[in-house]
Amino acid sequence: MNTPKTRIASVLAAASLALGATGVHAQDEDPIKVGILHSLSGTMAISESTLKDTVMMLIEEQNEKGGLLGRDIEPVVVDPASDWPLFAEKARELLAEEEVDVIFGSWTSVSRKSVLPVVEELNGLMFYPVQYEGEESSENIFYTGAAPNQQAIPAVNYLKDELGVERWVLAGTDYVYPRTTNKILETYLNDHGVSDDDIMINYTPFGHSNWQSIVSDIKEFGNQGKKTAVVSTINGDANVPFYQELANQGIEATDIPVIAFSVGEQELSGIDTGPLVGHLAAWNYFMSVPTDANYDFIDQWIEYNDDDTVVTNDPMEAHYIGFNMWTQAVEKAGTTEVEAVKDAIIGVSVPNLTGGIATMMPNHHITKPVLIGEIQDNGQFATVSRTPGAVAGDAWSDYLEGSRDLISDWRAPMKCGNYNVVKGECGGQQEAAEAE
Amino acid sequence: MSIRRWLTPVLLAWLMAWTGLVAAETDGQALLNNLTERDKAAAVTAIAESGDPRARRWLEAFADNKLSRMKDSGQFVVVLENRGRDWTVEDALTGEAIGEVSRRNLDRVRINNAMRSQIANTLALLDLTVDDIDQRRQAAGDLRGQVDEDLVGPVETLMNQASDEDVREKLAQALAIYRVEQGDVSAVSVLSGSLNSDARSALNGAAGSDDPAMAAAAQEAMASIEQKLKLNKAAETLYFGLSLGSVLVLAAIGLTITFGVMGVINMAHGELIMLGAYTAWGMQQLLPGQPGLALILAIPAGFLVSAFAGIIIERSVIQFLKGRPLETLLATFGVSLILQQLVRTVISPLNRTVVTPEWMSGSIMINEALSLTLNRLYIIGFALVVFAGLMLVMRRTRLGLDVRAVTQNRAMARSMGIRATRVDIMTFALGSGVAGLAGVALSQTTNVGPNLGQNYIVDSFMVVVFGGVGNLWGTLVAGLSLGTINQLLEPWAGAVLAKVVVLVFIILFIQKRPRGLFPQKGRAAEG
């Protein structure tokens with residue numbers, strides 16, 4: 001019998017033994033190395049540089065508390081410069097040359113996909129903190145951001161049930177995350193009786209700034225006698241001109257609400273929020289959530305930056321959760337050795353910042369509450385809806401052909417990221433065998 | 001729709017309060033307490049019915065997420081300033097300033113969107129009774145599409161009392177929309193010819209109704225609207241095209257001078273635009289509270305900053321690479337990366353907020369289906385002014401003459417006593433300065449961040465090459481026509497494909513006419 005409980009018990013026993021053994025020599029050992037793989041230059045620096053600082057802050061805090069396993073933690077920062085292939089090279093550098101024990105990094109899906117084969121080949125550990133399109137489960141990556149069922153689907157439910165929306169504009173930037181998310185949402189809406197005539201899908205290039213005709217189209221689309229909403233997977237910079245154009249053409253949040261999956265406090269801090277007030281965003285964390293854990297984290301962050309105006313956001317919370325999960329798993333395993341930590345971390349629960357508990361699931365995703373917030377004039381969100389409990393991340397969407405039959409479970413004996421429940425076989429092993 | 005029930009009593013109560021019949025203050029604490037309970041709709045009704053003079057302030061604060069309760073004392077407060085860790089608040093009941101309170105101690109009274117639109121409707125009804133005629137018209141317009149069975153009575157009364165023709169017409173439409181939705185065929189005629197979106201929305205719904213008489217009447221009314229709508233749509237597309245075009249012209253016209261006239265391929269052109277945009281931001285930081293004045297001052301300042309940066313680039317890099325286009329391209333590309341990272345390091349990798357002044361936001365309404373956004377209108381005007389100014393400089397001033405002489409035949413010009421090096425510097429500074437002007441304008445339509453320039457460099461080169469290298473008129477025509485083509489294509493091809501189609505079009509065009517729309521003529525062009 002190798003049930004999780006007995007396994008955890010044995011791991012715990014091993015951990016306490018290991019602790020006892022290492023405790024004596026603690027000071028002689030090398031520090032534990034944590035790799036930080038976030039762009040500090042190039043287009044993504046805007047979002048990623050704060051995540052680097054977050055991990056640095058968490059490491060600093062952990063060291064003040066006496067480190068981990070009695071050893072100091074040493075951050076190793078590299079700059080992949082928003083260059084996707086460079087992410088793979090830098091990951092290799094971190095794992096092969098610096099021999100880090102864990103990596104916190106990546107933002108865009110393409111950068112994660114670029115790092116993935118390297119982390120798997122060199123058997124590293126990586127925590128990925130950003131909401132993404134799902135359809136992936138790697139043995140070596142832990143997804144602390146939201147999967148589509150932890151963000152997009154609850155957001156659509158909110159619009160459908162609370163606001164009575166019947167017509168849908170799915171607007172996104174033209175790359176993998178919006179395309180996959182919109183495909184999932186389209187199927188989901190069709191399953192719930194929305195006809196194709198009531199769905200408008202629109203893609204725009206990165207950094208699109210001339211929204212005039214698209215907004216005009218959306219306005220026209222919303223004039224057909226049914227309540228209309230925009231589900232926006234528009235990324236980064238393109239959002240500001242989009243909202244500005246909405247305001248300029250007189251579309252208010254009460255007429256056609258926009259719910260965004262990529263607009264957070266950080267993005268709002270760089271813009272005049274006047275035109276955005278009342279529009280919505282779906283996240284798993286808002287800076288405005290009034291819990292003491294959150295206020296403490298914000299105070300710590302303000303102190304670390306020595307700047308009263310800094311903001312916190314969802315991916316930062318994801319790193320906070322991921323880092324705490326990793327330290328707990330390491331303590332549980334008694335070692336930073338990858339195999340042991342990988343096994344130990346499943347089932348680890350840590351408090352999140354919104355007053356709940358995040359648990360690492362066997363599919364390497366975590367449980368999260370889903371919050372819907374309205375943008376306010378101070379660049380913060382006012383929570384208008386929150387799922388009663390935490391939602392477990394689903395690696396493989398139930399609303400995509402070919403993906404609905406897959407499940408992921410990295411516990412022994414299954415140890416498979418894409419097990420097909422209909423065929424009863426693991427696609428991963430098969431693919432791996434074919435590749436060899 | 002039960003939430004709407006309270007609207008009628010609300011209106012009556014307020015009308016009474018307004019006229020001073022009921023002015024007694026009520027137990028505010030109890031009323032507000034109810035807002036934190038489960039049945040918020042009833043609580044709002046109670047507040048509205050109380051006729052309390054403070055009710056409007058409470059509901060407005062509630063709708064704006066500004067109504068909070070102190071966790072320790074249970075006191076209700078209105079948040080006045082909600083930035084930072086301590087928020088400025090005032091007592092909701094007495095209106096007394098309390099000063100700064102830790103946000104940890106504040107518990108926001110939660111509201112949802114449905115509730116908020118009901119409050120907005122109530123306030124709109126109330127606005128129909130104010131003295132300001134524009135506010136009354138606005139309120140009447142807002143009521144279209146919002147009327148339901150409970151509101152019919154009050155709106156009808158208000159319509160009959162209304163002295164203003166416009167207000168009356170809008171209220172009549174608001175009532176007709178409700179009646180059409182209820183299946184009243186006679187109301188269709190009121191909406192016939194209206195371009196208002198709520199009216200069209202109601203007719204659209206009615207056109208598909210089961211009642212054949214209703215469907216026929218609605219379809220007929222729609223047909224008359226459809227024709228007008230098409231014309232408006234065409235005008236709108238043209239406007240969109242011109243405004244995109246004017247942005248392209250602004251971004252490209254500086255390049256026309258440096259690339260077109262001097263022959264320097266300046267990949268850092270985009271970053272000179274960025275510097276202009278950052279100047280606009282800097283000016284607004286220097287003059288807090290006066291975004292409009294700051295923006296106007298940013299026009300000369302942006303020109304000077306970018307011109308100065310241009311001089312530095314010219315002196316430090318470009319002058320040593322004269323006649324070596326490939327090296328110039330690479331070197332200036334390096335300069336552009338340096339400038340981007342410089343801004344990231346010195347200012348911030350995050351985008352900066354450039355506030356749009358009051359007089360530049362919103363739109364001019366031509367009719368209900370066509371409105372021109374003001375910021376774009378200003379940019380079209382600004383682009384034309386910059387173009388005219390440059391035209392004057394190049395055609396009517398000594399500098400323009402020198403520039404043309406040096407670019408046509410450098411050796412000859414020098415032997416005539418023109419200081420070619422000085423002219424080079426001046427020309428490059430002029431081109432760079434104009435890029436700065438473009439940046440100031442772009443700060444109003446796009447993000448001010450380190451990547452701003454990158455988004456415009458390719459478009460700029462495209463316009464210059466298409467228009468004919470070195471020809472200002474070519475740049476103007478090329479920019480405006482590319483903008484219009486792009487906007488014509490976008491609705492049916494999508495934004496991504498529209499860009500591709502435009503690029504393919506330019507490639508084909510350049511194959512046919514390598515020198516662009518307006519090629520330079522004469523011997524100078526051969527050199």
# chains A, B, ... in the order shown; residues from 1 in each chain; ligands from 1

call {"tool": "interface_residues", "arguments": {"of": "chain B", "to": "chain A", "cutoff": "6 Å", "atoms": "only C-alpha atoms", "output": "list in words"}}
result
Asn112, Ser197, Ser201, Ala202, Asn204, Gly205, Pro349, Leu350, Asn351, Arg352, Thr353, Gly362, Thr373, Thr446, Ala495 and Val496 of chain B

call {"tool": "write_last_selection", "arguments": {"atoms": "N, CA, C and O atoms", "output": "PDB file, in the first residue's frame"}}
result
ATOM      1  N   ASN B 112     -23.275  46.082  -5.525  1.00  0.00           N
ATOM      2  CA  ASN B 112     -23.029  45.414  -6.807  1.00  0.00           C
ATOM      3  C   ASN B 112     -23.520  46.284  -7.952  1.00  0.00           C
ATOM      4  O   ASN B 112     -24.148  47.309  -7.756  1.00  0.00           O
ATOM      5  N   SER B 197     -29.124  54.544 -29.639  1.00  0.00           N
ATOM      6  CA  SER B 197     -28.820  53.117 -29.594  1.00  0.00           C
ATOM      7  C   SER B 197     -29.879  52.327 -28.838  1.00  0.00           C
ATOM      8  O   SER B 197     -30.228  51.217 -29.232  1.00  0.00           O
ATOM      9  N   SER B 201     -32.043  49.425 -30.360  1.00  0.00           N
ATOM     10  CA  SER B 201     -32.028  48.151 -29.671  1.00  0.00           C
ATOM     11  C   SER B 201     -33.454  47.635 -29.473  1.00  0.00           C
ATOM     12  O   SER B 201     -33.748  46.457 -29.717  1.00  0.00           O
ATOM     13  N   ALA B 202     -34.364  48.542 -29.080  1.00  0.00           N
ATOM     14  CA  ALA B 202     -35.760  48.147 -28.858  1.00  0.00           C
ATOM     15  C   ALA B 202     -36.403  47.710 -30.173  1.00  0.00           C
ATOM     16  O   ALA B 202     -37.098  46.694 -30.236  1.00  0.00           O
ATOM     17  N   ASN B 204     -34.885  46.605 -32.845  1.00  0.00           N
ATOM     18  CA  ASN B 204     -34.275  45.332 -33.243  1.00  0.00           C
ATOM     19  C   ASN B 204     -34.989  44.165 -32.587  1.00  0.00           C
ATOM     20  O   ASN B 204     -35.274  43.158 -33.227  1.00  0.00           O
ATOM     21  N   GLY B 205     -35.249  44.339 -31.295  1.00  0.00           N
ATOM     22  CA  GLY B 205     -35.943  43.283 -30.567  1.00  0.00           C
ATOM     23  C   GLY B 205     -37.349  43.084 -31.122  1.00  0.00           C
ATOM     24  O   GLY B 205     -37.800  41.960 -31.328  1.00  0.00           O
ATOM     25  N   PRO B 349      10.511  51.117 -15.169  1.00  0.00           N
ATOM     26  CA  PRO B 349      10.056  50.278 -16.283  1.00  0.00           C
ATOM     27  C   PRO B 349       8.547  50.348 -16.455  1.00  0.00           C
ATOM     28  O   PRO B 349       8.014  49.907 -17.448  1.00  0.00           O
ATOM     29  N   LEU B 350       7.863  50.920 -15.456  1.00  0.00           N
ATOM     30  CA  LEU B 350       6.400  50.987 -15.534  1.00  0.00           C
ATOM     31  C   LEU B 350       5.954  52.175 -16.380  1.00  0.00           C
ATOM     32  O   LEU B 350       6.668  53.161 -16.492  1.00  0.00           O
ATOM     33  N   ASN B 351       4.786  52.041 -16.937  1.00  0.00           N
ATOM     34  CA  ASN B 351       4.229  53.153 -17.701  1.00  0.00           C
ATOM     35  C   ASN B 351       3.918  54.314 -16.778  1.00  0.00           C
ATOM     36  O   ASN B 351       3.636  54.135 -15.606  1.00  0.00           O
ATOM     37  N   ARG B 352       3.982  55.503 -17.338  1.00  0.00           N
ATOM     38  CA  ARG B 352       3.664  56.702 -16.565  1.00  0.00           C
ATOM     39  C   ARG B 352       2.295  57.227 -16.972  1.00  0.00           C
ATOM     40  O   ARG B 352       1.887  57.087 -18.114  1.00  0.00           O
ATOM     41  N   THR B 353       1.633  57.860 -16.026  1.00  0.00           N
ATOM     42  CA  THR B 353       0.306  58.411 -16.313  1.00  0.00           C
ATOM     43  C   THR B 353       0.431  59.814 -16.867  1.00  0.00           C
ATOM     44  O   THR B 353       0.978  60.681 -16.204  1.00  0.00           O
ATOM     45  N   GLY B 362     -13.684  63.131 -23.872  1.00  0.00           N
ATOM     46  CA  GLY B 362     -15.064  63.077 -24.335  1.00  0.00           C
ATOM     47  C   GLY B 362     -15.150  63.239 -25.837  1.00  0.00           C
ATOM     48  O   GLY B 362     -14.169  63.017 -26.554  1.00  0.00           O
ATOM     49  N   THR B 373     -14.438  61.802 -31.306  1.00  0.00           N
ATOM     50  CA  THR B 373     -13.706  61.872 -30.050  1.00  0.00           C
ATOM     51  C   THR B 373     -12.755  63.056 -30.088  1.00  0.00           C
ATOM     52  O   THR B 373     -12.039  63.267 -31.064  1.00  0.00           O
ATOM     53  N   THR B 446      -1.824  56.945 -26.242  1.00  0.00           N
ATOM     54  CA  THR B 446      -1.222  55.652 -25.999  1.00  0.00           C
ATOM     55  C   THR B 446      -0.434  55.674 -24.696  1.00  0.00           C
ATOM     56  O   THR B 446      -0.393  56.692 -24.016  1.00  0.00           O
ATOM     57  N   ALA B 495      -7.850  43.295 -36.850  1.00  0.00           N
ATOM     58  CA  ALA B 495      -6.719  44.208 -36.721  1.00  0.00           C
ATOM     59  C   ALA B 495      -5.408  43.586 -37.203  1.00  0.00           C
ATOM     60  O   ALA B 495      -4.587  44.241 -37.836  1.00  0.00           O
ATOM     61  N   VAL B 496      -5.224  42.306 -36.918  1.00  0.00           N
ATOM     62  CA  VAL B 496      -3.963  41.659 -37.273  1.00  0.00           C
ATOM     63  C   VAL B 496      -3.835  41.561 -38.789  1.00  0.00           C
ATOM     64  O   VAL B 496      -2.833  41.965 -39.393  1.00  0.00           O
TER      65      VAL B 496
END

call {"tool": "residues_around", "arguments": {"residues": "segment 315-323 of chain B", "least_positions_apart": "4", "cutoff": "9 Å", "atoms": "only C-alpha atoms", "output": "list in words"}}
result
Gly263, Val264, Asn266, Gly310, Ile311, Glu327, Thr328, Ala331, Thr332, Val335, Thr421, Asp424 and Ile425 of chain B

call {"tool": "select_by_dssp", "arguments": {"residues": "segment 151-182 of chain A", "states": "strand (DSSP E or B)", "output": "NGL selection string"}}
result
:A and (167-173)

call {"tool": "select_by_dssp", "arguments": {"residues": "segment 60-257 of chain A", "states": "alpha helix (DSSP H)", "output": "number ranges by chain"}}
result
A: 60-64, 84-92, 109-121, 152-162, 176-191, 212-221, 239-248

call {"tool": "write_last_selection", "arguments": {"atoms": "C-alpha atoms", "output": "mmCIF file, in the first residue's frame"}}
result
data_model
loop_
_atom_site.group_PDB
_atom_site.id
_atom_site.type_symbol
_atom_site.label_atom_id
_atom_site.label_comp_id
_atom_site.auth_asym_id
_atom_site.auth_seq_id
_atom_site.Cartn_x
_atom_site.Cartn_y
_atom_site.Cartn_z
ATOM 1 C CA GLU A 60 15.427 38.143 2.889
ATOM 2 C CA GLU A 61 12.581 37.519 5.316
ATOM 3 C CA GLN A 62 13.290 33.789 5.410
ATOM 4 C CA ASN A 63 16.978 34.428 6.129
ATOM 5 C CA GLU A 64 16.065 36.754 8.983
ATOM 6 C CA TRP A 84 12.044 33.820 -25.143
ATOM 7 C CA PRO A 85 14.948 31.612 -26.296
ATOM 8 C CA LEU A 86 17.150 33.352 -23.749
ATOM 9 C CA PHE A 87 14.817 32.074 -21.029
ATOM 10 C CA ALA A 88 15.864 28.524 -21.906
ATOM 11 C CA GLU A 89 19.550 29.435 -21.922
ATOM 12 C CA LYS A 90 19.321 31.248 -18.614
ATOM 13 C CA ALA A 91 17.374 28.375 -17.069
ATOM 14 C CA ARG A 92 20.126 26.023 -18.190
ATOM 15 C CA SER A 109 3.362 31.372 -21.641
ATOM 16 C CA VAL A 110 5.875 31.327 -24.457
ATOM 17 C CA SER A 111 8.731 31.866 -22.021
ATOM 18 C CA ARG A 112 7.434 29.040 -19.836
ATOM 19 C CA LYS A 113 7.188 26.743 -22.839
ATOM 20 C CA SER A 114 10.748 27.682 -23.689
ATOM 21 C CA VAL A 115 11.997 26.836 -20.193
ATOM 22 C CA LEU A 116 9.948 23.653 -19.800
ATOM 23 C CA PRO A 117 12.166 21.191 -21.740
ATOM 24 C CA VAL A 118 15.261 22.488 -19.963
ATOM 25 C CA VAL A 119 13.758 22.098 -16.502
ATOM 26 C CA GLU A 120 12.529 18.618 -17.369
ATOM 27 C CA GLU A 121 15.857 17.550 -18.879
ATOM 28 C CA ALA A 152 -12.161 32.805 -16.795
ATOM 29 C CA ILE A 153 -15.056 30.434 -16.111
ATOM 30 C CA PRO A 154 -16.084 31.968 -12.758
ATOM 31 C CA ALA A 155 -15.839 35.418 -14.350
ATOM 32 C CA VAL A 156 -18.204 34.408 -17.134
ATOM 33 C CA ASN A 157 -20.538 32.848 -14.595
ATOM 34 C CA TYR A 158 -20.625 36.095 -12.684
ATOM 35 C CA LEU A 159 -21.560 38.078 -15.782
ATOM 36 C CA LYS A 160 -24.128 35.494 -16.838
ATOM 37 C CA ASP A 161 -25.836 35.004 -13.505
ATOM 38 C CA GLU A 162 -25.402 38.315 -11.707
ATOM 39 C CA VAL A 176 -1.625 31.502 -27.159
ATOM 40 C CA TYR A 177 -3.211 32.490 -23.831
ATOM 41 C CA PRO A 178 -6.152 34.499 -25.224
ATOM 42 C CA ARG A 179 -6.731 32.067 -28.075
ATOM 43 C CA THR A 180 -6.903 29.015 -25.813
ATOM 44 C CA THR A 181 -8.932 30.821 -23.153
ATOM 45 C CA ASN A 182 -11.403 32.101 -25.725
ATOM 46 C CA LYS A 183 -11.744 28.636 -27.246
ATOM 47 C CA ILE A 184 -12.582 27.282 -23.806
ATOM 48 C CA LEU A 185 -15.037 30.104 -23.136
ATOM 49 C CA GLU A 186 -16.693 29.717 -26.525
ATOM 50 C CA THR A 187 -17.354 26.028 -25.896
ATOM 51 C CA TYR A 188 -18.494 26.804 -22.370
ATOM 52 C CA LEU A 189 -20.940 29.464 -23.572
ATOM 53 C CA ASN A 190 -22.237 27.225 -26.364
ATOM 54 C CA ASP A 191 -22.819 24.489 -23.809
ATOM 55 C CA GLN A 212 -11.493 53.201 -32.726
ATOM 56 C CA SER A 213 -13.161 50.861 -35.173
ATOM 57 C CA ILE A 214 -13.107 47.856 -32.856
ATOM 58 C CA VAL A 215 -14.780 49.782 -30.061
ATOM 59 C CA SER A 216 -17.279 51.101 -32.575
ATOM 60 C CA ASP A 217 -18.010 47.501 -33.613
ATOM 61 C CA ILE A 218 -18.427 46.445 -30.002
ATOM 62 C CA LYS A 219 -20.849 49.324 -29.492
ATOM 63 C CA GLU A 220 -22.859 48.222 -32.507
ATOM 64 C CA PHE A 221 -22.756 44.600 -31.338
ATOM 65 C CA ASN A 239 -5.437 47.940 -22.380
ATOM 66 C CA VAL A 240 -5.065 51.633 -21.647
ATOM 67 C CA PRO A 241 -5.946 52.922 -25.112
ATOM 68 C CA PHE A 242 -8.763 50.362 -25.209
ATOM 69 C CA TYR A 243 -10.428 51.665 -22.065
ATOM 70 C CA GLN A 244 -9.743 55.251 -23.101
ATOM 71 C CA GLU A 245 -11.500 54.658 -26.392
ATOM 72 C CA LEU A 246 -14.453 53.042 -24.612
ATOM 73 C CA ALA A 247 -14.789 56.131 -22.456
ATOM 74 C CA ASN A 248 -14.359 58.492 -25.373
#

call {"tool": "closest_residue", "arguments": {"among": "A:Leu170, A:Val348, A:Leu406, A:Ala81", "to": "Gly322 of chain A", "atoms": "only C-alpha atoms"}}
result
A:Val348

call {"tool": "atom_distance", "arguments": {"atom1": "atom CA of Lys71 of chain B", "atom2": "atom CA of Asp107 of chain B"}}
result
6.2 Å
